[in-house]
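Okay, model-v5.txt now, which holds compact mmCIF, C-alpha atoms:
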# COMPACT_ATOMS: atom_id res chain seq x y z
CA MET A 133 -22.57 -47.20 99.09
CA SER A 134 -25.92 -48.41 97.82
CA LEU A 135 -28.00 -50.83 99.84
CA PRO A 136 -27.64 -53.85 97.49
CA ALA A 137 -23.87 -53.37 97.37
CA GLU A 138 -23.70 -53.28 101.15
CA ILE A 139 -25.86 -56.40 101.43
CA TRP A 140 -23.62 -58.17 98.94
CA LEU A 141 -20.45 -57.28 100.87
CA LEU A 142 -21.95 -58.34 104.21
CA LEU A 143 -23.17 -61.58 102.67
CA LEU A 144 -19.71 -62.32 101.27
CA LYS A 145 -18.23 -61.57 104.70
CA ASP A 146 -20.62 -64.00 106.39
CA LEU A 147 -19.95 -66.71 103.81
CA ARG A 148 -16.21 -66.27 104.14
CA LEU A 149 -16.41 -66.43 107.94
CA GLU A 150 -18.49 -69.58 107.68
CA TRP A 151 -15.96 -71.15 105.34
CA ARG A 152 -13.08 -70.34 107.69
CA GLN A 153 -14.82 -71.81 110.73
CA ARG A 154 -15.95 -74.97 109.08
CA SER A 155 -16.51 -76.67 112.44
CA ALA A 156 -19.74 -74.70 112.93
CA LEU A 157 -21.21 -75.74 109.57
CA GLY A 158 -19.96 -79.25 110.20
CA GLY A 159 -21.77 -79.30 113.52
CA LEU A 160 -25.07 -78.40 111.88
CA LEU A 161 -24.58 -80.98 109.11
CA LEU A 162 -23.78 -83.57 111.74
CA TYR A 163 -26.98 -82.61 113.55
CA MET A 164 -28.94 -83.21 110.32
CA GLY A 165 -27.21 -86.54 109.70
CA GLY A 166 -27.58 -87.66 113.31
CA THR A 167 -31.28 -86.84 113.54
CA VAL A 168 -32.09 -88.45 110.20
CA TYR A 169 -30.23 -91.58 111.24
CA VAL A 170 -31.99 -91.73 114.61
CA SER A 171 -35.34 -91.39 112.81
CA TYR A 172 -34.32 -94.19 110.47
CA LEU A 173 -33.46 -96.46 113.39
CA SER A 174 -36.69 -95.58 115.21
CA PHE A 175 -38.83 -96.36 112.18
CA SER A 176 -36.97 -99.56 111.40
CA PHE A 177 -38.79 -101.15 114.34
CA ARG A 178 -42.01 -100.93 112.47
CA GLY A 179 -40.38 -102.39 109.37
CA GLY A 180 -39.02 -99.72 107.06
CA ALA A 181 -40.49 -96.50 105.79
CA PRO A 182 -42.95 -94.37 107.77
CA PRO A 183 -46.35 -93.46 106.28
CA ALA A 184 -46.23 -90.47 103.93
CA PRO A 185 -47.73 -87.81 106.27
CA ALA A 186 -45.34 -88.82 109.05
CA TRP A 187 -42.44 -88.79 106.57
CA ASN A 188 -43.27 -85.21 105.65
CA ALA A 189 -43.94 -83.95 109.18
CA LEU A 190 -40.75 -85.49 110.53
CA PHE A 191 -38.64 -83.86 107.84
CA TRP A 192 -40.09 -80.44 108.65
CA VAL A 193 -39.51 -80.90 112.36
CA ILE A 194 -35.86 -81.81 111.66
CA LEU A 195 -35.53 -78.73 109.43
CA LEU A 196 -37.21 -76.54 112.06
CA PHE A 197 -34.69 -77.46 114.72
CA ALA A 198 -31.81 -77.06 112.26
CA ALA A 199 -33.15 -73.56 111.55
CA LEU A 200 -33.33 -72.75 115.26
CA GLY A 201 -29.76 -73.93 115.71
CA ALA A 202 -28.50 -72.00 112.67
CA ALA A 203 -30.29 -68.76 113.54
CA GLY A 204 -29.15 -68.92 117.15
CA ARG A 205 -25.54 -69.03 116.04
CA GLY A 206 -25.51 -66.18 113.55
CA LEU A 207 -26.25 -63.14 115.66
CA ALA A 208 -25.29 -64.47 119.06
CA GLN A 209 -21.70 -65.08 117.94
CA GLU A 210 -20.90 -61.45 117.39
CA SER A 211 -19.32 -59.63 120.31
CA ALA A 212 -20.41 -56.16 121.41
CA GLY A 213 -17.26 -54.59 119.99
CA LEU A 214 -17.75 -56.20 116.59
CA ARG A 215 -21.37 -55.02 116.56
CA LEU A 216 -20.26 -51.46 117.25
CA TYR A 217 -17.81 -51.71 114.36
CA TYR A 218 -20.54 -52.89 111.96
CA TYR A 219 -22.75 -50.10 113.19
CA THR A 220 -20.19 -47.53 112.12
CA VAL A 221 -19.52 -49.01 108.68
CA ALA A 222 -22.90 -50.49 107.60
CA ARG A 223 -26.56 -49.66 107.67
CA PRO A 224 -28.60 -51.85 110.04
CA GLU A 225 -31.10 -52.47 107.23
CA ALA A 226 -28.31 -53.94 105.13
CA VAL A 227 -27.17 -56.07 108.06
CA VAL A 228 -30.59 -57.61 108.65
CA LEU A 229 -31.28 -58.28 104.97
CA ALA A 230 -27.83 -59.83 104.53
CA LYS A 231 -28.46 -62.00 107.61
CA ILE A 232 -31.82 -63.17 106.25
CA ILE A 233 -30.30 -64.12 102.89
CA TYR A 234 -27.36 -65.77 104.60
CA ASN A 235 -29.59 -67.78 106.93
CA ALA A 236 -31.73 -68.87 103.98
CA LEU A 237 -28.65 -70.04 102.07
CA LEU A 238 -27.35 -71.85 105.15
CA LEU A 239 -30.68 -73.62 105.60
CA LEU A 240 -30.74 -74.67 101.95
CA ALA A 241 -27.21 -75.99 102.34
CA LEU A 242 -28.45 -78.05 105.29
CA ALA A 243 -31.77 -79.10 103.76
CA ILE A 244 -30.44 -80.50 100.47
CA PRO A 245 -27.93 -83.00 101.89
CA GLY A 246 -30.42 -83.69 104.67
CA LEU A 247 -33.14 -84.55 102.16
CA LEU A 248 -30.76 -86.78 100.19
CA LEU A 249 -29.82 -88.78 103.27
CA TYR A 250 -33.45 -88.86 104.37
CA THR A 251 -34.48 -90.25 100.98
CA LEU A 252 -31.68 -92.81 101.10
CA LEU A 253 -32.66 -94.13 104.54
CA LEU A 254 -36.40 -93.58 104.81
CA GLY A 255 -37.54 -93.79 101.20
CA ASN A 256 -39.21 -91.05 99.23
CA PRO A 257 -42.96 -90.95 98.58
CA VAL A 258 -42.85 -87.55 96.79
CA GLN A 259 -44.86 -87.54 93.55
CA ASP A 260 -44.47 -83.96 92.43
CA TRP A 261 -40.79 -83.01 92.62
CA PRO A 262 -40.86 -79.41 91.34
CA THR A 263 -43.51 -78.40 93.91
CA TYR A 264 -41.69 -80.22 96.69
CA ALA A 265 -38.43 -78.46 95.79
CA LEU A 266 -40.32 -75.16 95.75
CA SER A 267 -41.69 -75.87 99.22
CA ILE A 268 -38.17 -76.58 100.52
CA GLY A 269 -36.84 -73.36 98.98
CA LEU A 270 -39.74 -71.32 100.30
CA GLY A 271 -39.31 -73.04 103.65
CA ALA A 272 -35.66 -72.00 103.89
CA VAL A 273 -36.53 -68.38 103.08
CA SER A 274 -39.55 -68.30 105.42
CA LEU A 275 -37.78 -69.87 108.39
CA ALA A 276 -34.81 -67.54 107.89
CA SER A 277 -36.90 -64.38 107.60
CA SER A 278 -39.06 -65.20 110.62
CA LEU A 279 -36.16 -66.22 112.83
CA THR A 280 -33.54 -63.58 112.08
CA LEU A 281 -35.10 -60.71 114.03
CA VAL A 282 -36.20 -63.01 116.84
CA ALA A 283 -32.65 -64.39 117.08
CA GLY A 284 -31.37 -60.82 117.36
CA ILE A 285 -33.79 -60.13 120.22
CA ALA A 286 -32.87 -63.38 121.99
CA ALA A 287 -29.15 -62.64 121.58
CA ARG A 288 -29.62 -59.24 123.23
CA ALA A 289 -31.71 -60.62 126.06
CA GLY A 290 -28.94 -63.19 126.43
CA GLN A 291 -27.65 -64.20 129.88
CA GLY A 292 -26.82 -67.71 128.80
CA GLY A 293 -30.49 -68.59 128.33
CA GLY A 294 -30.32 -67.32 124.73
CA GLY A 295 -30.98 -70.75 123.22
CA THR A 296 -34.13 -71.45 125.20
CA LEU A 297 -35.38 -67.92 124.72
CA LEU A 298 -34.94 -68.21 120.96
CA ALA A 299 -37.09 -71.34 120.93
CA VAL A 300 -39.76 -69.76 123.16
CA LEU A 301 -39.94 -66.56 121.11
CA GLY A 302 -39.49 -68.15 117.70
CA LEU A 303 -41.71 -71.24 117.72
CA PRO A 304 -45.11 -69.54 118.06
CA VAL A 305 -44.17 -67.03 115.36
CA LEU A 306 -43.19 -69.92 113.09
CA VAL A 307 -46.44 -71.86 113.50
CA PRO A 308 -48.41 -70.18 110.67
CA VAL A 309 -45.42 -70.47 108.33
CA LEU A 310 -44.92 -74.14 109.15
CA LEU A 311 -48.61 -74.96 108.75
CA LEU A 312 -48.59 -73.49 105.25
CA LEU A 313 -45.30 -75.21 104.37
CA VAL A 314 -46.50 -78.60 105.53
CA LYS A 315 -49.69 -78.11 103.54
CA VAL A 316 -47.80 -77.29 100.31
CA SER A 317 -45.33 -80.11 100.72
CA LYS A 318 -48.11 -82.57 101.58
CA ASN A 319 -49.87 -81.59 98.36
CA ALA A 320 -46.61 -82.18 96.49
CA LEU A 321 -46.25 -85.51 98.22
CA ASP A 322 -49.67 -86.64 97.06
CA GLY A 323 -49.09 -85.25 93.58
CA LEU A 324 -52.10 -82.94 93.73
CA PRO A 325 -52.45 -80.39 90.92
CA TRP A 326 -50.87 -76.96 91.34
CA ASP A 327 -54.24 -75.24 91.98
CA ALA A 328 -54.49 -77.01 95.33
CA SER A 329 -51.38 -75.38 96.74
CA GLN A 330 -51.42 -72.10 94.82
CA SER A 331 -53.19 -70.02 97.47
CA ALA A 332 -50.96 -71.37 100.25
CA VAL A 333 -47.83 -70.51 98.23
CA ILE A 334 -49.07 -66.98 97.58
CA THR A 335 -49.91 -66.53 101.28
CA LEU A 336 -46.43 -67.75 102.22
CA VAL A 337 -44.77 -65.28 99.86
CA ALA A 338 -46.96 -62.47 101.24
CA LEU A 339 -46.17 -63.55 104.80
CA ASN A 340 -42.46 -63.39 103.98
CA PHE A 341 -42.88 -59.88 102.68
CA ILE A 342 -44.69 -58.80 105.86
CA VAL A 343 -42.10 -60.40 108.15
CA GLY A 344 -39.20 -59.11 106.03
CA ALA A 345 -40.62 -55.58 106.05
CA VAL A 346 -41.20 -55.63 109.80
CA SER A 347 -37.64 -56.91 110.38
CA TYR A 348 -36.29 -54.21 108.06
CA LEU A 349 -38.13 -51.52 110.02
CA LEU A 350 -37.40 -52.83 113.52
CA PHE A 351 -33.80 -53.97 113.25
CA PRO A 352 -32.32 -50.44 113.48
CA PHE A 353 -33.96 -50.08 116.92
CA LEU A 354 -32.51 -53.39 118.03
CA TRP A 355 -29.06 -52.19 117.05
CA ARG A 356 -29.19 -48.84 118.68
CA SER A 357 -27.77 -49.82 122.04
CA MET B 184 -64.99 -41.96 138.86
CA LYS B 185 -65.23 -40.93 135.22
CA TRP B 186 -68.47 -41.15 133.25
CA TRP B 187 -67.37 -44.05 131.07
CA LYS B 188 -66.92 -46.25 134.10
CA TYR B 189 -70.59 -45.79 135.00
CA LEU B 190 -71.34 -46.59 131.37
CA THR B 191 -69.28 -49.81 131.65
CA ILE B 192 -71.16 -50.91 134.75
CA GLY B 193 -74.49 -50.09 133.12
CA LEU B 194 -73.69 -51.89 129.88
CA LEU B 195 -72.40 -55.00 131.62
CA LEU B 196 -75.41 -55.17 133.96
CA TYR B 197 -77.63 -54.82 130.91
CA THR B 198 -75.63 -57.55 129.14
CA ALA B 199 -75.89 -59.92 132.09
CA VAL B 200 -79.61 -59.39 132.64
CA MET B 201 -80.77 -59.19 129.04
CA GLY B 202 -78.21 -61.75 127.92
CA LEU B 203 -79.57 -64.35 130.31
CA LEU B 204 -83.25 -63.42 130.29
CA GLY B 205 -83.82 -61.74 126.94
CA HIS B 206 -85.44 -63.24 123.90
CA VAL B 207 -83.34 -65.48 121.67
CA PRO B 208 -84.53 -67.38 118.61
CA ARG B 209 -85.26 -71.10 119.04
CA LEU B 210 -82.62 -73.09 117.20
CA ALA B 211 -81.67 -76.73 117.13
CA ILE B 212 -78.30 -77.83 118.60
CA LEU B 213 -77.51 -74.36 119.92
CA ASN B 214 -80.59 -74.01 122.13
CA GLU B 215 -79.85 -71.73 125.06
CA THR B 216 -76.06 -71.83 124.55
CA GLU B 217 -76.39 -69.13 121.94
CA ARG B 218 -76.48 -66.66 124.83
CA ASN B 219 -72.74 -67.25 124.99
CA LEU B 220 -72.57 -64.95 121.96
CA TYR B 221 -72.73 -62.02 124.40
CA PHE B 222 -69.74 -63.30 126.38
CA HIS B 223 -67.51 -65.24 123.99
CA VAL B 224 -67.46 -62.95 120.95
CA PRO B 225 -66.93 -59.62 122.81
CA MET B 226 -63.80 -61.10 124.42
CA TRP B 227 -62.15 -61.28 120.98
CA PHE B 228 -63.30 -57.79 120.06
CA GLY B 229 -61.87 -56.51 123.34
CA MET B 230 -58.65 -58.48 122.95
CA THR B 231 -58.01 -57.19 119.42
CA ILE B 232 -58.67 -53.57 120.40
CA ILE B 233 -56.52 -53.72 123.53
CA LEU B 234 -53.65 -55.54 121.81
CA LEU B 235 -53.81 -52.88 119.10
CA ALA B 236 -53.46 -50.25 121.85
CA SER B 237 -50.50 -52.20 123.19
CA VAL B 238 -48.72 -52.31 119.84
CA ILE B 239 -49.39 -48.60 119.25
CA ASN B 240 -47.76 -47.82 122.60
CA SER B 241 -44.80 -50.00 121.63
CA ILE B 242 -44.39 -48.07 118.38
CA ARG B 243 -44.60 -44.81 120.33
CA TYR B 244 -42.00 -46.17 122.73
CA LEU B 245 -39.54 -46.89 119.93
CA ARG B 246 -40.02 -43.42 118.47
CA ASN B 247 -39.75 -41.69 121.82
CA PRO B 248 -38.66 -43.92 124.73
CA SER B 249 -40.19 -43.33 128.16
CA PRO B 250 -41.00 -45.69 131.05
CA ARG B 251 -44.64 -44.54 130.88
CA LEU B 252 -45.15 -45.88 127.35
CA ASP B 253 -43.45 -49.14 128.26
CA ILE B 254 -45.84 -49.62 131.19
CA LEU B 255 -48.84 -48.78 128.99
CA ALA B 256 -47.77 -51.34 126.37
CA HIS B 257 -47.03 -54.03 128.94
CA GLU B 258 -50.26 -53.64 130.95
CA SER B 259 -52.38 -53.50 127.78
CA ALA B 260 -50.75 -56.69 126.55
CA LYS B 261 -51.54 -58.38 129.87
CA THR B 262 -55.20 -57.35 129.71
CA GLY B 263 -55.33 -58.53 126.09
CA ILE B 264 -53.99 -61.92 127.18
CA LEU B 265 -56.58 -62.10 129.97
CA LEU B 266 -59.41 -61.41 127.50
CA GLY B 267 -57.93 -63.90 125.02
CA VAL B 268 -57.74 -66.65 127.64
CA LEU B 269 -61.33 -65.93 128.70
CA GLY B 270 -62.32 -66.06 125.03
CA LEU B 271 -60.66 -69.46 124.65
CA MET B 272 -62.35 -70.75 127.80
CA THR B 273 -65.85 -69.54 126.91
CA GLY B 274 -65.34 -70.89 123.40
CA SER B 275 -64.21 -74.25 124.72
CA LEU B 276 -67.27 -74.47 126.94
CA TRP B 277 -69.50 -73.55 124.02
CA ALA B 278 -67.83 -76.15 121.81
CA ARG B 279 -68.46 -78.81 124.47
CA TYR B 280 -72.22 -78.23 124.27
CA THR B 281 -72.60 -77.71 120.53
CA TRP B 282 -69.83 -79.74 118.87
CA GLY B 283 -69.53 -82.25 121.71
CA THR B 284 -65.84 -81.65 122.35
CA TRP B 285 -63.73 -79.21 124.36
CA TRP B 286 -61.23 -78.64 121.59
CA THR B 287 -60.93 -79.57 117.95
CA THR B 288 -58.44 -78.96 115.18
CA ASP B 289 -59.76 -75.94 113.39
CA VAL B 290 -58.00 -72.95 111.81
CA LYS B 291 -59.71 -70.42 114.02
CA LEU B 292 -59.17 -72.30 117.27
CA ASN B 293 -55.54 -72.97 116.48
CA GLY B 294 -54.93 -69.39 115.38
CA ALA B 295 -56.32 -68.10 118.66
CA ALA B 296 -54.29 -70.58 120.71
CA VAL B 297 -51.07 -69.71 118.87
CA THR B 298 -51.77 -66.01 119.42
CA MET B 299 -51.90 -66.67 123.14
CA LEU B 300 -48.59 -68.56 122.89
CA ILE B 301 -46.98 -65.60 121.11
CA TYR B 302 -48.08 -63.21 123.83
CA ALA B 303 -47.01 -65.65 126.55
CA ALA B 304 -43.58 -65.56 124.87
CA TYR B 305 -43.74 -61.76 125.15
CA LEU B 306 -44.16 -62.09 128.93
CA VAL B 307 -41.31 -64.63 129.08
CA LEU B 308 -39.09 -62.19 127.19
CA ARG B 309 -39.89 -59.45 129.69
CA GLY B 310 -39.01 -61.79 132.53
CA ALA B 311 -35.70 -62.78 130.93
CA VAL B 312 -34.15 -59.29 130.72
CA ASN B 313 -33.01 -57.51 133.88
CA ASP B 314 -31.93 -54.13 132.56
CA GLU B 315 -35.02 -51.91 132.43
CA GLN B 316 -34.28 -49.95 129.27
CA GLN B 317 -33.09 -53.03 127.44
CA ARG B 318 -36.23 -54.90 128.52
CA ALA B 319 -38.48 -52.06 127.39
CA ARG B 320 -36.85 -51.80 123.96
CA LEU B 321 -36.59 -55.54 123.27
CA SER B 322 -40.16 -56.19 124.35
CA ALA B 323 -41.44 -53.27 122.25
CA ILE B 324 -39.67 -54.73 119.21
CA TYR B 325 -41.06 -58.20 119.90
CA ASN B 326 -44.53 -56.82 120.52
CA ILE B 327 -44.63 -55.18 117.09
CA PHE B 328 -43.23 -58.31 115.46
CA ALA B 329 -45.78 -60.46 117.31
CA PHE B 330 -48.64 -58.26 116.18
CA ALA B 331 -47.47 -58.57 112.57
CA ALA B 332 -47.46 -62.36 113.01
CA LEU B 333 -50.91 -62.24 114.60
CA ILE B 334 -52.64 -60.56 111.65
CA PRO B 335 -52.27 -63.56 109.31
CA LEU B 336 -53.11 -65.97 112.15
CA LEU B 337 -56.37 -64.35 113.15
CA PHE B 338 -57.53 -62.50 110.07
CA ILE B 339 -56.02 -64.00 106.91
CA MET B 340 -55.62 -67.74 107.39
CA PRO B 341 -59.19 -68.35 108.63
CA ARG B 342 -60.48 -66.59 105.53
CA LEU B 343 -58.34 -68.74 103.24
CA ALA B 344 -59.28 -72.01 104.91
CA SER B 345 -61.65 -74.18 102.97
CA ALA B 346 -63.53 -75.59 105.95
CA SER B 347 -64.14 -74.65 109.55
CA LEU B 348 -66.64 -75.71 112.18
CA HIS B 349 -66.56 -72.28 113.67
CA PRO B 350 -69.30 -69.87 112.56
CA GLY B 351 -68.58 -66.96 110.29
CA MET B 352 -68.04 -69.20 107.27
CA GLY B 353 -69.86 -72.02 105.56
CA GLY B 354 -70.32 -75.17 107.60
CA ASN B 355 -72.50 -73.99 110.46
CA PRO B 356 -75.78 -73.00 108.87
CA GLY B 357 -77.09 -70.86 111.68
CA PHE B 358 -74.81 -67.99 112.33
CA SER B 359 -75.89 -65.57 109.63
CA LYS B 360 -79.45 -65.97 110.85
CA TYR B 361 -78.76 -65.00 114.44
CA ASP B 362 -76.49 -62.29 113.26
CA LEU B 363 -79.49 -60.74 111.63
CA ASP B 364 -81.77 -61.27 114.61
CA SER B 365 -82.49 -57.74 115.78
CA ALA B 366 -83.32 -58.72 119.37
CA MET B 367 -79.88 -60.28 119.76
CA ARG B 368 -78.18 -57.31 118.17
CA MET B 369 -79.68 -55.05 120.81
CA VAL B 370 -77.73 -56.98 123.43
CA PHE B 371 -74.68 -57.95 121.38
CA TYR B 372 -73.43 -54.45 120.48
CA PRO B 373 -73.75 -53.07 124.04
CA ALA B 374 -71.97 -56.23 125.26
CA VAL B 375 -69.03 -55.61 122.89
CA ILE B 376 -68.71 -52.01 124.06
CA GLY B 377 -69.14 -52.97 127.72
CA TRP B 378 -66.54 -55.76 127.77
CA THR B 379 -64.04 -53.65 125.81
CA LEU B 380 -64.51 -50.77 128.26
CA LEU B 381 -64.01 -53.19 131.15
CA GLY B 382 -60.71 -54.21 129.55
CA VAL B 383 -59.71 -50.55 129.28
CA TRP B 384 -60.67 -50.07 132.93
CA ILE B 385 -58.58 -53.04 134.09
CA THR B 386 -55.66 -51.72 132.06
CA GLU B 387 -56.05 -48.25 133.55
CA VAL B 388 -56.01 -49.54 137.13
CA ALA B 389 -53.02 -51.81 136.42
CA CYS B 390 -51.14 -48.91 134.81
CA ARG B 391 -51.82 -46.64 137.78
CA LEU B 392 -50.49 -49.31 140.12
CA ALA B 393 -47.39 -49.69 137.95
CA PHE B 394 -46.85 -45.90 137.89
CA VAL B 395 -47.09 -45.73 141.69
CA LYS B 396 -44.62 -48.62 142.02
CA GLU B 397 -42.25 -46.87 139.64
CA LYS B 398 -42.51 -43.64 141.63
CA LEU B 399 -41.90 -45.44 144.93
CA TYR B 400 -38.88 -47.12 143.39
CA GLU B 401 -37.50 -43.80 142.20
CA ASN B 402 -38.06 -42.04 145.52
CA GLN B 403 -36.66 -44.91 147.54
CA PRO B 404 -34.05 -43.48 149.93
CA ASN B 405 -30.70 -45.01 149.02
CA GLU B 406 -28.39 -46.53 151.58
CA LYS B 407 -26.32 -43.39 152.02
CA GLN B 408 -29.36 -41.34 153.03
CA LEU B 409 -30.52 -44.03 155.43
CA ALA B 410 -27.21 -44.23 157.24
Any chance you could give the structure as structure tokens?
Amino acid sequence: MSLPAEIWLLLLKDLRLEWRQRSALGGLLLYMGGTVYVSYLSFSFRGGAPPAPAWNALFWVILLFAALGAAGRGLAQESAGLRLYYYTVARPEAVVLAKIIYNALLLLALAIPGLLLYTLLLGNPVQDWPTYALSIGLGAVSLASSLTLVAGIAARAGQGGGGTLLAVLGLPVLVPVLLLLVKVSKNALDGLPWDASQSAVITLVALNFIVGAVSYLLFPFLWRS
Amino acid sequence: MKWWKYLTIGLLLYTAVMGLLGHVPRLAILNETERNLYFHVPMWFGMTIILLASVINSIRYLRNPSPRLDILAHESAKTGILLGVLGLMTGSLWARYTWGTWWTTDVKLNGAAVTMLIYAAYLVLRGAVNDEQQRARLSAIYNIFAFAALIPLLFIMPRLASASLHPGMGGNPGFSKYDLDSAMRMVFYPAVIGWTLLGVWITEVACRLAFVKEKLYENQPNEKQLA
């Protein structure tokens, strides 16, 4: 079977599993809703909407922790036996690429309702919608591609401390990505022309290619155990 | 003792003496602190070279696993972290006397700090896994991934940034001038080689200790033989 076909099948499998265990997706959505609401209540003390930079930074922090939660679930869930089964029927490269795409889709599915609720409760100072939407999309892909391999490592290191380990290993790796994302979305917020964020967007795309390629090359070694 | 160790001692003595007593151009703001060039900058050269050695050993480990390569990668990473922390500290001290603050938000400073965080996470990962082979493989994978994340942090993002206090870009008018000062070059290049060789030396000693420990562990009489 060709690589794209394998990725497609694995992706469908993941989506179907997600749909059957809706409690997991529901938990993440509830996390989004809960955090946004808590932020709304906290800011209401100072009389309504936060200043624009804080609005932006807070949204990315919420998304970051949603991404950590989502990535931690994906690979850690699978038992050793199931992993062995995948190993016999699928290429590890296909598994990791399918996981990255799946995590990106999951994050988008969390970010869009999250942003709607966030806008409803905390207002929306965004001036340049297309660029902001682009930054959210790029953000989902970047967070997913950086976290998938790290989540695999943390799941293997395991021993119950998997969650903490994922945060420790993942956060420093995410810093450059997040800095670029916050820069692009801040530009969109202020309605700056496209030239201002162009180089950051190109760097982000290049960074995704590097991280994706490294994951593609390293994941087979992670699996071979 | 091998010849390059004598060379290390010689170069570092030369760096210390000439670095503190040698001629440096008279410049405003920097004054005598520019001598830190011989101590701060070589740390980053040494760190980059030794972390590169670490990642190469990790790649070799994944291609052909052996405890020896794992030890080489781990000890190199530790020396790299040591040099990085020293680089941050000398830089912070320098910043205090030239910029008037210990730390400031700047692409280069943040990139270096985040690099140290990534490698600290590498050490945490090693501590979290008990099984030796599993630990060696997972940490090799993370080491390669960390190095790929480090390249944009240290080498790409600072070049894209529009403004930075740190020399090597517009903003600080002086650096290109001292860079061209031939008297300083005569100390700077030996200092880079000397500090890097010292890093290699530290790594070598640490590796030998780790090999001996490994051997002792292997030859340990088990309980049956003791009884």
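Around region 267-271 of chain B, within 7 Å and counting only C-alpha atoms, the residues found are B:His223, B:Met226, B:Trp227, B:Met230, B:Met299, once anything fewer than 6 positions away on its own chain is removed.
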Any chance you could tabulate, as a tab-separated table, the residues of chain B at most 10 Å from chain A with each one's nearest atom pair and distance in Å to one decimal, using only C-alpha atoms, in chain and rising number order?
residue	atom	partner	partner_atom	distance
B:Ile242	CA	A:Leu350	CA	9.8
B:Leu245	CA	A:Phe353	CA	7.1
B:Arg246	CA	A:Phe353	CA	9.1
B:Asn293	CA	A:Pro308	CA	9.6
B:Gly294	CA	A:Pro308	CA	8.1
B:Ala296	CA	A:Pro304	CA	9.6
B:Val297	CA	A:Pro304	CA	6.0
B:Thr298	CA	A:Pro304	CA	7.7
B:Met299	CA	A:Pro304	CA	9.0
B:Leu300	CA	A:Pro304	CA	6.0
B:Ile301	CA	A:Pro304	CA	5.3
B:Tyr302	CA	A:Pro304	CA	9.1
B:Ala303	CA	A:Leu301	CA	9.0
B:Ala304	CA	A:Leu301	CA	5.3
B:Tyr305	CA	A:Leu301	CA	7.3
B:Leu306	CA	A:Leu301	CA	9.9
B:Val307	CA	A:Val300	CA	8.0
B:Leu308	CA	A:Leu297	CA	7.3
B:Arg309	CA	A:Ala289	CA	9.0
B:Gly310	CA	A:Ala289	CA	9.8
B:Ala311	CA	A:Ala289	CA	6.7
B:Val312	CA	A:Ala289	CA	5.4
B:Asn313	CA	A:Ala289	CA	8.5
B:Asp314	CA	A:Ala289	CA	9.2
B:Gln316	CA	A:Ser357	CA	9.7
B:Gln317	CA	A:Ala289	CA	7.8
B:Arg318	CA	A:Ala289	CA	7.7
B:Arg320	CA	A:Leu354	CA	7.5
B:Leu321	CA	A:Ile285	CA	6.2
B:Ser322	CA	A:Ile285	CA	8.6
B:Ala323	CA	A:Leu350	CA	9.6
B:Ile324	CA	A:Leu350	CA	6.4
B:Tyr325	CA	A:Val282	CA	7.5
B:Ile327	CA	A:Val346	CA	8.1
B:Phe328	CA	A:Val346	CA	6.6
B:Ala329	CA	A:Val305	CA	7.0
B:Phe330	CA	A:Val305	CA	9.9
B:Ala331	CA	A:Val343	CA	7.2
B:Ala332	CA	A:Val305	CA	6.2
B:Leu333	CA	A:Val305	CA	8.3
B:Ile334	CA	A:Leu339	CA	9.9
B:Pro335	CA	A:Leu339	CA	7.6
B:Leu336	CA	A:Pro308	CA	6.5
B:Ile339	CA	A:Thr335	CA	8.7
B:Met340	CA	A:Pro308	CA	8.3
B:Leu343	CA	A:Ser331	CA	7.8
B:Ala344	CA	A:Ala332	CA	9.6
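Residue neighbourhood of Leu380 (chain B), excluding near-sequence residues (fewer than 2 positions): Trp187, Lys188, Leu190, Thr191, Ile192, Leu194, Leu195, Gly229, Ile233, Ala374, Val375, Ile376, Gly377, Trp378, Gly382, Val383, Trp384, Ile385 and Thr386 of chain B, at 10 Å, using only C-alpha atoms.
Our summary of the geometry notes that CA of Pro225 (chain B) is positioned 24.9 Å from CA of Arg391 (chain B).
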* Structure fact -> For Thr281 (chain B), the closest of B:Ala211, B:Gly202, B:Ser365, B:Lys398 counting all atoms listed in the file is B:Ala211
For Leu229 (chain A): contacts at 9 Å, all atoms listed in the file, fewer than 6 positions along chain excluded, given as a PDB file with C-alpha atoms, in the frame of the given file:
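This went into out-v3.pdb:
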ATOM      1  CA  ILE A 139     -25.860 -56.400 101.430  1.00  0.00           C
ATOM      2  CA  SER A 277     -36.900 -64.380 107.600  1.00  0.00           C
ATOM      3  CA  GLY A 344     -39.200 -59.110 106.030  1.00  0.00           C
ATOM      4  CA  SER A 347     -37.640 -56.910 110.380  1.00  0.00           C
ATOM      5  CA  TYR A 348     -36.290 -54.210 108.060  1.00  0.00           C
TER       6      TYR A 348
END
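When CA of Leu216 (chain A) is paired with CA of Ser249 (chain B), their separation reads 24.1 Å.
Minimum distance to Phe175 (chain A) across A:Asp322, A:Leu143, A:Leu254, A:Ser267 (counting all atoms listed in the file) occurs at A:Leu254.
Straight-line separation from CA of Asp260 (chain A) to CA of Leu321 (chain A): 6.3 Å.
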* Structure fact -> Nearest to Ala278 (chain B), restricted to all atoms listed in the file and choosing among B:Ala389, B:Ile239, B:Ile212, B:Leu252, comes out as B:Ile212
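When the distance limit is 7 Å and only C-alpha atoms are what count, the residues near Leu195 (chain A), minus those fewer than 4 positions from it on the same chain, are A:Phe191, A:Ala199, A:Ala243.
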